[in-house]
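Everything below belongs to input.tsv, which stores TSV, C-alpha atoms.
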chain	number	residue	atom	x	y	z
A	1	MET	CA	89.53	-86.82	117.01
A	2	TYR	CA	86.47	-85.37	115.34
A	3	PRO	CA	83.68	-84.10	117.62
A	4	GLN	CA	80.59	-86.28	117.77
A	5	PRO	CA	77.69	-84.67	115.88
A	6	LYS	CA	74.52	-83.92	117.80
A	7	LEU	CA	71.82	-86.46	116.97
A	8	LEU	CA	68.63	-84.96	115.58
A	9	SER	CA	66.72	-88.19	116.17
A	10	ALA	CA	67.37	-91.46	117.98
A	11	GLU	CA	65.68	-93.50	115.28
A	12	PRO	CA	64.70	-93.23	111.60
A	13	LYS	CA	61.59	-91.20	110.80
A	14	LEU	CA	58.86	-93.35	109.29
A	15	ALA	CA	56.14	-92.38	106.86
A	16	GLU	CA	53.17	-90.77	108.60
A	17	TRP	CA	50.73	-93.58	107.81
A	18	THR	CA	52.88	-96.14	109.65
A	19	THR	CA	52.38	-94.32	112.96
A	20	HIS	CA	48.73	-95.40	112.95
A	21	VAL	CA	48.98	-98.84	111.37
A	22	LYS	CA	48.68	-101.94	113.52
A	23	ARG	CA	48.77	-105.62	112.85
A	24	SER	CA	45.20	-106.84	112.34
A	25	VAL	CA	43.40	-108.15	115.41
A	26	LEU	CA	42.67	-111.28	113.41
A	27	ARG	CA	46.37	-112.02	112.80
A	28	ASP	CA	47.21	-111.43	116.44
A	29	MET	CA	44.49	-113.84	117.53
A	30	ILE	CA	45.49	-116.52	115.04
A	31	ALA	CA	49.04	-116.37	116.40
A	32	VAL	CA	47.63	-117.01	119.90
A	33	VAL	CA	45.36	-119.90	118.93
A	34	SER	CA	48.01	-121.69	116.86
A	35	LYS	CA	49.49	-123.16	120.05
A	36	PRO	CA	49.28	-126.97	120.51
A	37	GLY	CA	46.14	-128.24	122.20
A	38	ILE	CA	43.81	-125.50	120.92
A	39	LEU	CA	40.86	-126.63	118.82
A	40	SER	CA	40.62	-123.71	116.45
A	41	PHE	CA	37.76	-122.47	114.31
A	42	ALA	CA	39.63	-119.16	113.97
A	43	GLY	CA	41.71	-119.17	110.79
A	44	GLY	CA	40.43	-118.95	107.25
A	45	LEU	CA	42.43	-122.03	106.32
A	46	PRO	CA	41.84	-124.77	103.79
A	47	ALA	CA	42.32	-128.30	105.11
A	48	PRO	CA	45.95	-129.47	104.79
A	49	ASP	CA	44.81	-133.11	104.71
A	50	LEU	CA	43.13	-132.28	101.39
A	51	PHE	CA	46.13	-130.63	99.73
A	52	PRO	CA	47.05	-132.46	96.48
A	53	CYS	CA	50.61	-133.14	97.67
A	54	ASP	CA	51.46	-136.11	95.44
A	55	SER	CA	50.05	-134.75	92.19
A	56	PHE	CA	51.50	-131.28	92.78
A	57	SER	CA	54.91	-132.79	93.60
A	58	ASP	CA	54.74	-134.58	90.26
A	59	ALA	CA	53.92	-131.29	88.53
A	60	VAL	CA	56.89	-129.52	90.14
A	61	ALA	CA	59.20	-132.43	89.26
A	62	HIS	CA	58.02	-132.34	85.65
A	63	VAL	CA	58.73	-128.62	85.36
A	64	MET	CA	62.13	-128.90	87.02
A	65	SER	CA	63.20	-131.75	84.76
A	66	SER	CA	61.98	-130.15	81.54
A	67	ASP	CA	62.48	-126.39	81.88
A	68	ALA	CA	65.53	-124.97	83.66
A	69	LEU	CA	64.31	-121.47	82.86
A	70	ALA	CA	61.51	-122.01	85.36
A	71	LEU	CA	64.04	-120.74	87.91
A	72	GLN	CA	64.83	-117.61	85.90
A	73	TYR	CA	63.22	-114.18	85.71
A	74	ARG	CA	60.34	-114.74	83.31
A	75	PRO	CA	57.28	-112.86	82.04
A	76	PRO	CA	53.79	-114.10	82.95
A	77	TYR	CA	53.29	-117.65	81.72
A	78	GLU	CA	50.93	-117.57	78.74
A	79	PRO	CA	49.73	-121.21	79.04
A	80	LEU	CA	48.62	-120.50	82.62
A	81	LYS	CA	46.80	-117.36	81.51
A	82	ALA	CA	44.96	-119.43	78.90
A	83	GLN	CA	44.00	-121.94	81.60
A	84	ILE	CA	42.71	-119.12	83.80
A	85	VAL	CA	40.52	-118.00	80.91
A	86	GLU	CA	38.94	-121.48	81.05
A	87	LEU	CA	38.57	-121.24	84.83
A	88	MET	CA	36.79	-117.93	84.41
A	89	ARG	CA	34.25	-119.61	82.12
A	90	MET	CA	33.36	-121.78	85.11
A	91	ARG	CA	32.44	-118.51	86.87
A	92	GLY	CA	30.38	-117.33	83.88
A	93	VAL	CA	33.03	-114.87	82.69
A	94	GLU	CA	34.21	-114.55	79.08
A	95	CYS	CA	37.63	-112.90	78.81
A	96	SER	CA	40.90	-113.12	76.91
A	97	THR	CA	44.47	-113.77	78.02
A	98	ARG	CA	45.16	-110.08	77.40
A	99	GLN	CA	42.81	-109.27	80.31
A	100	ILE	CA	44.48	-111.72	82.72
A	101	PHE	CA	47.07	-110.21	85.07
A	102	ILE	CA	49.05	-112.68	87.20
A	103	THR	CA	49.76	-111.66	90.80
A	104	THR	CA	51.51	-113.05	93.88
A	105	GLY	CA	48.25	-114.10	95.50
A	106	ALA	CA	44.93	-112.28	95.62
A	107	GLN	CA	46.17	-110.08	98.47
A	108	GLN	CA	48.77	-108.55	96.17
A	109	ALA	CA	46.08	-108.15	93.53
A	110	LEU	CA	44.02	-106.16	96.02
A	111	ALA	CA	47.01	-104.02	97.03
A	112	VAL	CA	47.96	-103.30	93.41
A	113	LEU	CA	44.43	-102.27	92.48
A	114	ALA	CA	44.13	-100.09	95.58
A	115	GLN	CA	47.34	-98.28	94.66
A	116	MET	CA	46.09	-97.74	91.13
A	117	LEU	CA	42.58	-96.53	92.02
A	118	LEU	CA	42.93	-94.74	95.36
A	119	ASP	CA	44.48	-91.32	96.00
A	120	PRO	CA	45.89	-90.52	99.46
A	121	HIS	CA	43.08	-89.73	101.92
A	122	GLY	CA	40.47	-90.79	99.39
A	123	THR	CA	37.32	-92.76	100.17
A	124	VAL	CA	36.83	-96.53	99.97
A	125	ALA	CA	33.36	-98.07	99.96
A	126	ALA	CA	33.02	-101.43	101.68
A	127	GLU	CA	30.62	-103.34	103.85
A	128	ARG	CA	30.82	-102.41	107.53
A	129	ILE	CA	31.88	-105.98	108.35
A	130	VAL	CA	34.69	-106.72	105.93
A	131	TYR	CA	37.72	-108.89	105.20
A	132	THR	CA	40.58	-107.46	107.25
A	133	GLY	CA	43.04	-107.66	104.35
A	134	LEU	CA	41.24	-104.77	102.68
A	135	GLN	CA	42.07	-102.42	105.52
A	136	GLN	CA	45.71	-103.53	105.41
A	137	ALA	CA	45.92	-103.09	101.63
A	138	VAL	CA	44.68	-99.50	101.68
A	139	ALA	CA	46.41	-98.37	104.91
A	140	PRO	CA	49.30	-96.55	103.11
A	141	MET	CA	46.74	-94.22	101.50
A	142	SER	CA	45.11	-93.38	104.88
A	143	PRO	CA	41.62	-93.53	103.40
A	144	ARG	CA	38.21	-92.71	104.79
A	145	PHE	CA	35.71	-95.59	104.72
A	146	LEU	CA	32.16	-95.36	103.45
A	147	SER	CA	30.56	-98.27	105.34
A	148	ILE	CA	27.62	-100.17	103.87
A	149	GLU	CA	25.37	-102.50	105.85
A	150	THR	CA	24.81	-106.15	104.92
A	151	ASP	CA	21.63	-108.20	105.05
A	152	LEU	CA	22.54	-111.69	106.26
A	153	GLN	CA	20.06	-113.27	103.84
A	154	SER	CA	20.72	-111.36	100.61
A	155	GLY	CA	24.04	-109.53	101.01
A	156	MET	CA	25.08	-105.91	100.69
A	157	ASP	CA	22.51	-103.13	101.08
A	158	VAL	CA	22.76	-101.82	97.52
A	159	ASP	CA	20.03	-99.25	98.15
A	160	GLN	CA	22.13	-97.70	100.93
A	161	LEU	CA	25.08	-97.49	98.55
A	162	ARG	CA	22.92	-95.83	95.90
A	163	ARG	CA	21.62	-93.27	98.40
A	164	ALA	CA	25.17	-92.43	99.48
A	165	LEU	CA	26.27	-91.89	95.89
A	166	ALA	CA	23.15	-89.85	95.10
A	167	GLY	CA	24.01	-87.71	98.12
A	168	GLY	CA	27.43	-86.85	96.71
A	169	GLU	CA	29.76	-89.60	97.98
A	170	ARG	CA	32.43	-90.49	95.41
A	171	PRO	CA	34.51	-93.42	96.65
A	172	ALA	CA	37.52	-94.50	94.60
A	173	PHE	CA	36.13	-98.02	94.48
A	174	LEU	CA	33.80	-100.50	96.16
A	175	TYR	CA	35.30	-103.69	97.59
A	176	THR	CA	33.06	-106.73	97.92
A	177	VAL	CA	33.08	-110.53	98.27
A	178	PRO	CA	29.79	-111.38	96.54
A	179	GLU	CA	30.07	-115.17	96.91
A	180	ALA	CA	30.38	-116.63	100.43
A	181	HIS	CA	31.36	-113.32	102.01
A	182	ASN	CA	34.30	-113.40	104.40
A	183	PRO	CA	33.47	-113.25	107.30
A	184	LEU	CA	29.66	-113.25	106.98
A	185	GLY	CA	29.21	-116.34	104.80
A	186	VAL	CA	26.31	-114.75	102.89
A	187	SER	CA	26.12	-114.57	99.08
A	188	LEU	CA	24.80	-111.56	97.19
A	189	SER	CA	21.38	-112.33	95.72
A	190	PRO	CA	20.97	-112.40	91.91
A	191	ALA	CA	18.68	-109.35	92.02
A	192	LYS	CA	21.20	-107.34	94.03
A	193	ARG	CA	24.02	-108.32	91.64
A	194	HIS	CA	22.16	-106.67	88.78
A	195	GLN	CA	21.26	-103.66	90.94
A	196	LEU	CA	24.90	-103.22	91.98
A	197	ILE	CA	26.11	-103.24	88.38
A	198	ALA	CA	23.47	-100.65	87.48
A	199	VAL	CA	24.70	-98.43	90.33
A	200	ALA	CA	28.33	-98.84	89.24
A	201	ARG	CA	27.50	-97.82	85.68
A	202	GLU	CA	25.33	-94.90	86.74
A	203	TYR	CA	28.02	-93.38	88.97
A	204	GLY	CA	31.19	-94.68	87.29
A	205	LEU	CA	32.10	-96.66	90.42
A	206	PRO	CA	34.86	-99.28	90.06
A	207	ILE	CA	34.09	-102.56	91.85
A	208	ILE	CA	36.82	-104.86	93.17
A	209	GLU	CA	35.21	-108.30	93.21
A	210	ASP	CA	37.14	-110.67	95.48
A	211	ASP	CA	36.14	-114.25	94.59
A	212	PRO	CA	38.25	-116.82	96.49
A	213	TYR	CA	35.27	-119.12	97.12
A	214	GLY	CA	33.26	-119.03	93.90
A	215	LEU	CA	34.39	-122.54	92.92
A	216	LEU	CA	33.70	-123.91	96.42
A	217	SER	CA	29.90	-124.13	96.32
A	218	TYR	CA	28.02	-126.92	98.10
A	219	ASP	CA	24.40	-126.59	96.98
A	220	GLY	CA	24.79	-126.55	93.22
A	221	ALA	CA	26.71	-124.10	91.08
A	222	ALA	CA	27.30	-120.63	92.50
A	223	PRO	CA	25.78	-117.63	90.68
A	224	ASP	CA	27.99	-116.20	87.97
A	225	ALA	CA	30.60	-113.69	89.09
A	226	LEU	CA	29.82	-109.98	88.96
A	227	ARG	CA	32.44	-109.67	86.24
A	228	SER	CA	30.09	-111.63	83.95
A	229	LEU	CA	27.73	-108.65	84.06
A	230	ASP	CA	30.22	-105.88	83.30
A	231	GLU	CA	33.70	-105.69	81.75
A	232	THR	CA	34.34	-101.99	82.34
A	233	PHE	CA	33.80	-101.34	86.03
A	234	VAL	CA	34.37	-104.77	87.63
A	235	PHE	CA	37.91	-105.85	88.51
A	236	TYR	CA	37.85	-109.56	89.36
A	237	LEU	CA	40.30	-111.10	91.85
A	238	GLY	CA	40.96	-114.86	91.72
A	239	SER	CA	43.36	-117.14	93.55
A	240	PHE	CA	44.67	-120.70	93.65
A	241	SER	CA	45.07	-120.47	97.44
A	242	LYS	CA	41.72	-122.02	98.37
A	243	ILE	CA	41.36	-124.44	95.45
A	244	ILE	CA	44.94	-125.84	95.48
A	245	ALA	CA	47.08	-124.46	98.34
A	246	PRO	CA	47.85	-121.03	99.88
A	247	ALA	CA	51.65	-121.41	99.81
A	248	LEU	CA	51.69	-121.30	96.01
A	249	ARG	CA	51.03	-117.53	96.23
A	250	VAL	CA	49.57	-117.22	92.74
A	251	GLY	CA	46.46	-115.22	91.96
A	252	TRP	CA	45.11	-113.09	89.14
A	253	ILE	CA	43.11	-110.03	88.17
A	254	VAL	CA	40.66	-109.89	85.27
A	255	ALA	CA	40.81	-106.26	84.20
A	256	PRO	CA	40.12	-104.15	81.11
A	257	GLU	CA	42.98	-104.76	78.69
A	258	ALA	CA	43.90	-101.06	78.65
A	259	MET	CA	44.56	-101.18	82.42
A	260	VAL	CA	47.08	-104.03	82.31
A	261	PRO	CA	50.16	-101.87	81.51
A	262	LYS	CA	49.41	-99.68	84.53
A	263	LEU	CA	48.94	-102.73	86.74
A	264	THR	CA	52.30	-104.03	85.52
A	265	VAL	CA	54.11	-100.84	86.57
A	266	VAL	CA	52.58	-100.92	90.05
A	267	LYS	CA	53.30	-104.62	90.60
A	268	GLU	CA	56.90	-104.42	89.38
A	269	ALA	CA	57.67	-101.93	92.13
A	270	ALA	CA	56.70	-104.58	94.68
A	271	ASP	CA	58.22	-107.85	93.43
A	272	LEU	CA	59.06	-107.55	89.72
A	273	GLU	CA	57.13	-110.73	88.92
A	274	THR	CA	55.29	-113.73	90.35
A	275	SER	CA	57.26	-116.98	90.75
A	276	ALA	CA	57.93	-118.48	87.32
A	277	LEU	CA	58.33	-121.90	88.92
A	278	MET	CA	54.94	-121.81	90.63
A	279	GLN	CA	53.20	-120.51	87.52
A	280	ARG	CA	54.57	-123.40	85.47
A	281	ALA	CA	53.90	-126.00	88.17
A	282	ILE	CA	50.27	-124.90	88.50
A	283	SER	CA	49.92	-124.96	84.72
A	284	ALA	CA	51.34	-128.50	84.58
A	285	TRP	CA	49.00	-129.61	87.37
A	286	LEU	CA	45.98	-128.16	85.56
A	287	ALA	CA	47.08	-129.64	82.23
A	288	ALA	CA	47.22	-133.09	83.84
A	289	GLY	CA	43.49	-132.86	84.56
A	290	HIS	CA	43.66	-132.71	88.36
A	291	LEU	CA	41.40	-129.74	88.99
A	292	ALA	CA	37.96	-131.25	88.37
A	293	PRO	CA	38.38	-134.26	90.70
A	294	HIS	CA	40.10	-132.10	93.30
A	295	LEU	CA	37.26	-129.56	93.30
A	296	ALA	CA	34.77	-132.43	93.62
A	297	LEU	CA	36.71	-133.68	96.67
A	298	LEU	CA	36.79	-130.23	98.28
A	299	ARG	CA	33.09	-129.63	97.69
A	300	ARG	CA	32.18	-133.01	99.15
A	301	GLU	CA	34.43	-132.74	102.21
A	302	TYR	CA	33.84	-129.06	102.98
A	303	GLY	CA	30.11	-129.50	102.39
A	304	ALA	CA	30.03	-132.30	104.97
A	305	ARG	CA	31.97	-130.14	107.44
A	306	ARG	CA	29.62	-127.20	106.89
A	307	ASP	CA	26.61	-129.44	107.48
A	308	ALA	CA	28.21	-130.84	110.64
A	309	MET	CA	28.83	-127.35	112.00
A	310	LEU	CA	25.30	-126.15	111.28
A	311	ALA	CA	23.84	-129.25	112.95
A	312	ALA	CA	26.13	-128.82	115.97
A	313	LEU	CA	25.12	-125.17	116.32
A	314	ARG	CA	21.47	-126.21	116.40
A	315	ARG	CA	22.23	-128.75	119.13
A	316	HIS	CA	24.54	-126.75	121.38
A	317	PHE	CA	23.98	-123.00	120.92
A	318	PRO	CA	21.22	-121.10	122.72
A	319	ALA	CA	17.87	-120.64	121.03
A	320	ASN	CA	18.34	-116.85	120.87
A	321	ALA	CA	21.51	-117.19	118.77
A	322	THR	CA	21.31	-116.89	114.96
A	323	TRP	CA	23.79	-117.74	112.22
A	324	THR	CA	24.25	-117.74	108.46
A	325	GLU	CA	23.99	-120.95	106.44
A	326	PRO	CA	26.61	-120.46	103.70
A	327	GLU	CA	26.10	-121.91	100.25
A	328	ALA	CA	29.85	-121.80	99.60
A	329	GLY	CA	33.15	-120.83	101.17
A	330	MET	CA	34.51	-121.59	104.63
A	331	PHE	CA	32.71	-119.51	107.27
A	332	VAL	CA	29.63	-119.32	109.46
A	333	TRP	CA	28.79	-115.98	111.10
A	334	VAL	CA	27.05	-116.20	114.47
A	335	GLU	CA	25.09	-113.43	116.18
A	336	LEU	CA	24.50	-113.72	119.94
A	337	PRO	CA	22.20	-111.44	121.97
A	338	GLN	CA	23.45	-107.86	122.30
A	339	ALA	CA	24.53	-108.39	125.92
A	340	PHE	CA	27.35	-110.71	124.82
A	341	ASP	CA	30.93	-109.49	124.35
A	342	THR	CA	32.62	-112.07	122.15
A	343	GLY	CA	36.04	-110.55	122.87
A	344	ALA	CA	35.64	-111.59	126.51
A	345	LEU	CA	34.02	-114.84	125.38
A	346	PHE	CA	37.12	-115.58	123.28
A	347	GLU	CA	39.34	-115.38	126.37
A	348	ARG	CA	37.02	-117.64	128.37
A	349	ALA	CA	36.72	-120.19	125.54
A	350	LEU	CA	40.51	-120.45	125.33
A	351	ALA	CA	41.02	-120.73	129.08
A	352	GLU	CA	38.11	-123.02	129.95
A	353	GLU	CA	37.58	-125.19	126.87
A	354	GLN	CA	40.71	-124.70	124.70
A	355	VAL	CA	38.56	-123.78	121.71
A	356	ALA	CA	38.99	-120.68	119.56
A	357	PHE	CA	37.08	-118.49	117.11
A	358	ILE	CA	37.41	-114.90	115.85
A	359	PRO	CA	35.30	-112.24	117.60
A	360	GLY	CA	33.21	-110.16	115.24
A	361	HIS	CA	34.80	-106.82	116.10
A	362	ALA	CA	38.01	-107.98	114.37
A	363	PHE	CA	36.21	-107.52	111.03
A	364	ALA	CA	34.42	-104.24	111.74
A	365	VAL	CA	35.77	-101.21	109.91
A	366	GLY	CA	37.68	-99.24	112.53
A	367	GLY	CA	37.17	-102.06	115.03
A	368	GLN	CA	33.76	-100.68	115.99
A	369	GLY	CA	30.70	-102.92	116.06
A	370	ALA	CA	29.79	-106.62	115.90
A	371	ARG	CA	30.75	-107.05	119.58
A	372	ASN	CA	28.13	-109.76	119.98
A	373	CYS	CA	29.20	-111.71	116.89
A	374	LEU	CA	31.79	-114.35	115.99
A	375	ARG	CA	33.18	-116.05	112.90
A	376	LEU	CA	33.62	-119.82	112.76
A	377	ASN	CA	35.71	-121.63	110.14
A	378	PHE	CA	34.55	-125.14	109.21
A	379	SER	CA	37.03	-126.12	106.47
A	380	ASN	CA	40.07	-126.77	108.66
A	381	ALA	CA	38.53	-129.18	111.16
A	382	THR	CA	37.24	-132.73	110.91
A	383	VAL	CA	33.59	-133.56	111.51
A	384	ASP	CA	34.51	-135.04	114.92
A	385	GLN	CA	36.48	-131.92	115.86
A	386	ILE	CA	33.56	-129.74	114.80
A	387	ASN	CA	31.10	-131.73	116.91
A	388	HIS	CA	33.32	-131.65	120.00
A	389	GLY	CA	34.43	-128.04	119.51
A	390	ILE	CA	30.96	-126.57	119.05
A	391	GLU	CA	29.74	-128.50	122.10
A	392	ARG	CA	32.60	-127.02	124.16
A	393	LEU	CA	31.96	-123.54	122.81
A	394	GLY	CA	28.27	-123.91	123.60
A	395	ARG	CA	29.13	-124.65	127.23
A	396	VAL	CA	31.06	-121.38	127.50
A	397	ILE	CA	28.18	-119.41	125.98
A	398	GLY	CA	25.75	-121.09	128.36

Could you render the structure from this file as structure tokens?
Amino acid sequence: MYPQPKLLSAEPKLAEWTTHVKRSVLRDMIAVVSKPGILSFAGGLPAPDLFPCDSFSDAVAHVMSSDALALQYRPPYEPLKAQIVELMRMRGVECSTRQIFITTGAQQALAVLAQMLLDPHGTVAAERIVYTGLQQAVAPMSPRFLSIETDLQSGMDVDQLRRALAGGERPAFLYTVPEAHNPLGVSLSPAKRHQLIAVAREYGLPIIEDDPYGLLSYDGAAPDALRSLDETFVFYLGSFSKIIAPALRVGWIVAPEAMVPKLTVVKEAADLETSALMQRAISAWLAAGHLAPHLALLRREYGARRDAMLAALRRHFPANATWTEPEAGMFVWVELPQAFDTGALFERALAEEQVAFIPGHAFAVGGQGARNCLRLNFSNATVDQINHGIERLGRVIG
């Protein structure tokens, strides 16, 4: 019998960055509030009752009956790329199919771009209150964050960004959601859009423009995307998750054509390619003319839900509370007086009124700040649920 070797370690050694990474507070909370009986304004979810189930089923059936290779390894689907070019025109962007890079959702697009632009321990510029998926996407590079403040009326403080760059800061990129910011609900003003592009050109700063809500505007057409102002420094992220359904997991990047081969190499290491079946099914659905009426439905229904939430907040929240009034998207950001701790309020709201939201600190870079704030989602609740839920939440706030 051979002697048993002495174990050097009881478990595999993981990469250093994984010792600090944690599941986002937001994801943990959504898991808690998904239990039956909870009226939730927590998730960033589109309404399942508005999913185009019948027409999309027809699109899938058409693809399956006409193209067996839809189940095979396949390169990006050129007809879908051409349709995305048309979608981009709706956002004021002129581009070619050679600049369209298909991804497995916008989250993968963000991760791929972060890998391509960011060196380990580099710097990322982002608003201090930011979409949590950014922090997850860049975690393997263990970056430092350059945090920028946001005005709840006009968006990012571009002057603060300019001062930081003039003082020697050189972030690898700036991440922003200019239209219907998640979680703040504010849109970047037209003047600030032009100022931001001028700053990017002056300092050679790449901008990752995340635009999941640009086609979900409720008070007229949204301003054109940042990408419409610059083709060199702005990388545009788009997705079918909010305008068709999240489970499709198909998104895209609009990037300089010369960057696409590098993006391809990075993406192939993760998943080789995005589902050929879903690409073809989405293309068939678009070709059948379903998008325009579906967007009209979403804008009408989500607009009504937004209006119901804003009216309910005026009725049931204290006079010293303030909130954003989003022109697009899915979220209202509420600020309570500084004495409030919305983390503790979250626990009370669940226990006493079975209603949920996301506390503001879940979105703060490093988890610091926004302790008196909360994010409310209005897209995934009916008008009646919104009225009842905001009344119940108002009782907890007092």

How close does region 147-216 of chain A get to region 89-112 of chain A? List, as CSV, each residue of region 147-216 of chain A within 9 Å, its nearest atom pair and the distance in Å to one decimal, counting only C-alpha atoms.
residue,atom,partner,partner_atom,distance
A:Ile208,CA,A:Leu110,CA,7.9
A:Asp210,CA,A:Ala106,CA,8.0
A:Pro212,CA,A:Ala106,CA,8.1
A:Gly214,CA,A:Arg91,CA,7.1
A:Leu215,CA,A:Arg91,CA,7.5

(message) Distance cut-off 6 Å, centre (33.4, -118.3, 114.3) in file coordinates, counting all atoms listed in the file: which residues qualify? Return them as a list in words.
(response)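 Neighbouring residues, ordered by chain and number, come to Phe357, Ile358, Leu374, Arg375, Leu376 and Asn377 of chain A.
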
Give the centre and edge lengths of an axis-aligned box, in Å to one decimal, that holds all listed atoms of region 249-256 of chain A with 6 Å on each side, as AutoDock Vina command-line options.
--center_x 45.6 --center_y -110.8 --center_z 88.7 --size_x 22.9 --size_y 25.4 --size_z 27.1

What are the closest atom pairs, with distances in Å to one decimal, for each residue of region 59-168 of chain A lying within 6 Å of region 173-193 of chain A, using all atoms listed in the file, rows by chain and rising residue number, as CSV?
residue,atom,partner,partner_atom,distance
A:Val124,CA,A:Phe173,CA,5.7
A:Ala125,CA,A:Leu174,CA,4.5
A:Ala126,CA,A:Tyr175,CA,5.2
A:Tyr131,CA,A:Asn182,CA,5.7
A:Leu152,CA,A:Val186,CA,5.9
A:Ser154,CA,A:Ser189,CA,5.0
A:Gly155,CA,A:Leu188,CA,4.4

(request) Calculate how many Å separate CA of Ala349 (chain A) from CA of Gly37 (chain A), rounding to one decimal. (result)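 Going from CA of Ala349 (chain A) over to CA of Gly37 (chain A), I get 12.8 Å.
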
(request) Choose the residue, out of A:Pro318, A:Pro293, A:Gly167, A:Pro120, that has the smallest atom-to-atom separation from Ile390 (chain A); count all atoms listed in the file. (result) A:Pro318

Would you mind listing, for every residue of region 324-381 of chain A within 12 Å of region 137-151 of chain A, the two atoms forming the shortest contact and the distance between them in Å to one decimal, using all atoms listed in the file, sorted by chain and ascending residue number, as JSON lines?
{"residue": "A:Thr324", "atom": "CA", "partner": "A:Asp151", "partner_atom": "CA", "distance": 10.5}
{"residue": "A:Ala364", "atom": "CA", "partner": "A:Ser147", "partner_atom": "CA", "distance": 9.6}
{"residue": "A:Val365", "atom": "CA", "partner": "A:Ser147", "partner_atom": "CA", "distance": 7.5}
{"residue": "A:Gly366", "atom": "CA", "partner": "A:Phe145", "partner_atom": "CA", "distance": 8.8}
{"residue": "A:Gln368", "atom": "CA", "partner": "A:Ser147", "partner_atom": "CA", "distance": 11.4}
{"residue": "A:Gly369", "atom": "CA", "partner": "A:Glu149", "partner_atom": "CA", "distance": 11.5}
{"residue": "A:Ala370", "atom": "CA", "partner": "A:Glu149", "partner_atom": "CA", "distance": 11.7}

(message) With distances taken over only C-alpha atoms, which residue among A:Arg395, A:Arg300, A:Arg170, A:Arg314 lies nearest Gly122 (chain A)?
(response) A:Arg170

Contacts of Ala344 (chain A) within 12 Å, only C-alpha atoms, excl. fewer than 6 positions in-chain, as a compact mmCIF listing (two decimals) with C-alpha atoms, in the coordinates of the input:
# COMPACT_ATOMS: atom_id res chain seq x y z
CA LEU A 350 40.51 -120.45 125.33
CA ALA A 351 41.02 -120.73 129.08
CA ALA A 356 38.99 -120.68 119.56
CA PHE A 357 37.08 -118.49 117.11
CA ILE A 358 37.41 -114.90 115.85
CA PRO A 359 35.30 -112.24 117.60
CA GLY A 360 33.21 -110.16 115.24
CA HIS A 361 34.80 -106.82 116.10
CA ARG A 371 30.75 -107.05 119.58
CA ASN A 372 28.13 -109.76 119.98
CA CYS A 373 29.20 -111.71 116.89
CA LEU A 374 31.79 -114.35 115.99
CA VAL A 396 31.06 -121.38 127.50
CA ILE A 397 28.18 -119.41 125.98

(request) Would you mind telling me which residue in A:Asn380, A:Asn387, A:Asn320, A:Gln279 lies nearest to Val63 (chain A) when using only C-alpha atoms? (result) A:Gln279

(message) With only C-alpha atoms as the counted atoms, please give the residues lying no more than 6 Å from region 280-292 of chain A, apart from itself and same-chain residues fewer than 5 positions off, as a PyMOL selection string.
(response) chain A and resi 59-60+80

(request) One decimal, Å: what's the distance from CA of Trp252 (chain A) over to CA of Leu205 (chain A), could you say? (result) 21.0 Å

(request) Do a neighbour search on Leu69 (chain A) at 12 Å with all atoms listed in the file, toss out local chain neighbours closer than 6 positions, and write the hits as a list in words. (result) Val63, Pro75, Tyr77, Ser275, Ala276, Leu277 and Arg280 of chain A

(request) In Å, rounded to a single decimal, give me how far CA of Met259 (chain A) is from CA of Pro206 (chain A). (result) 12.5 Å
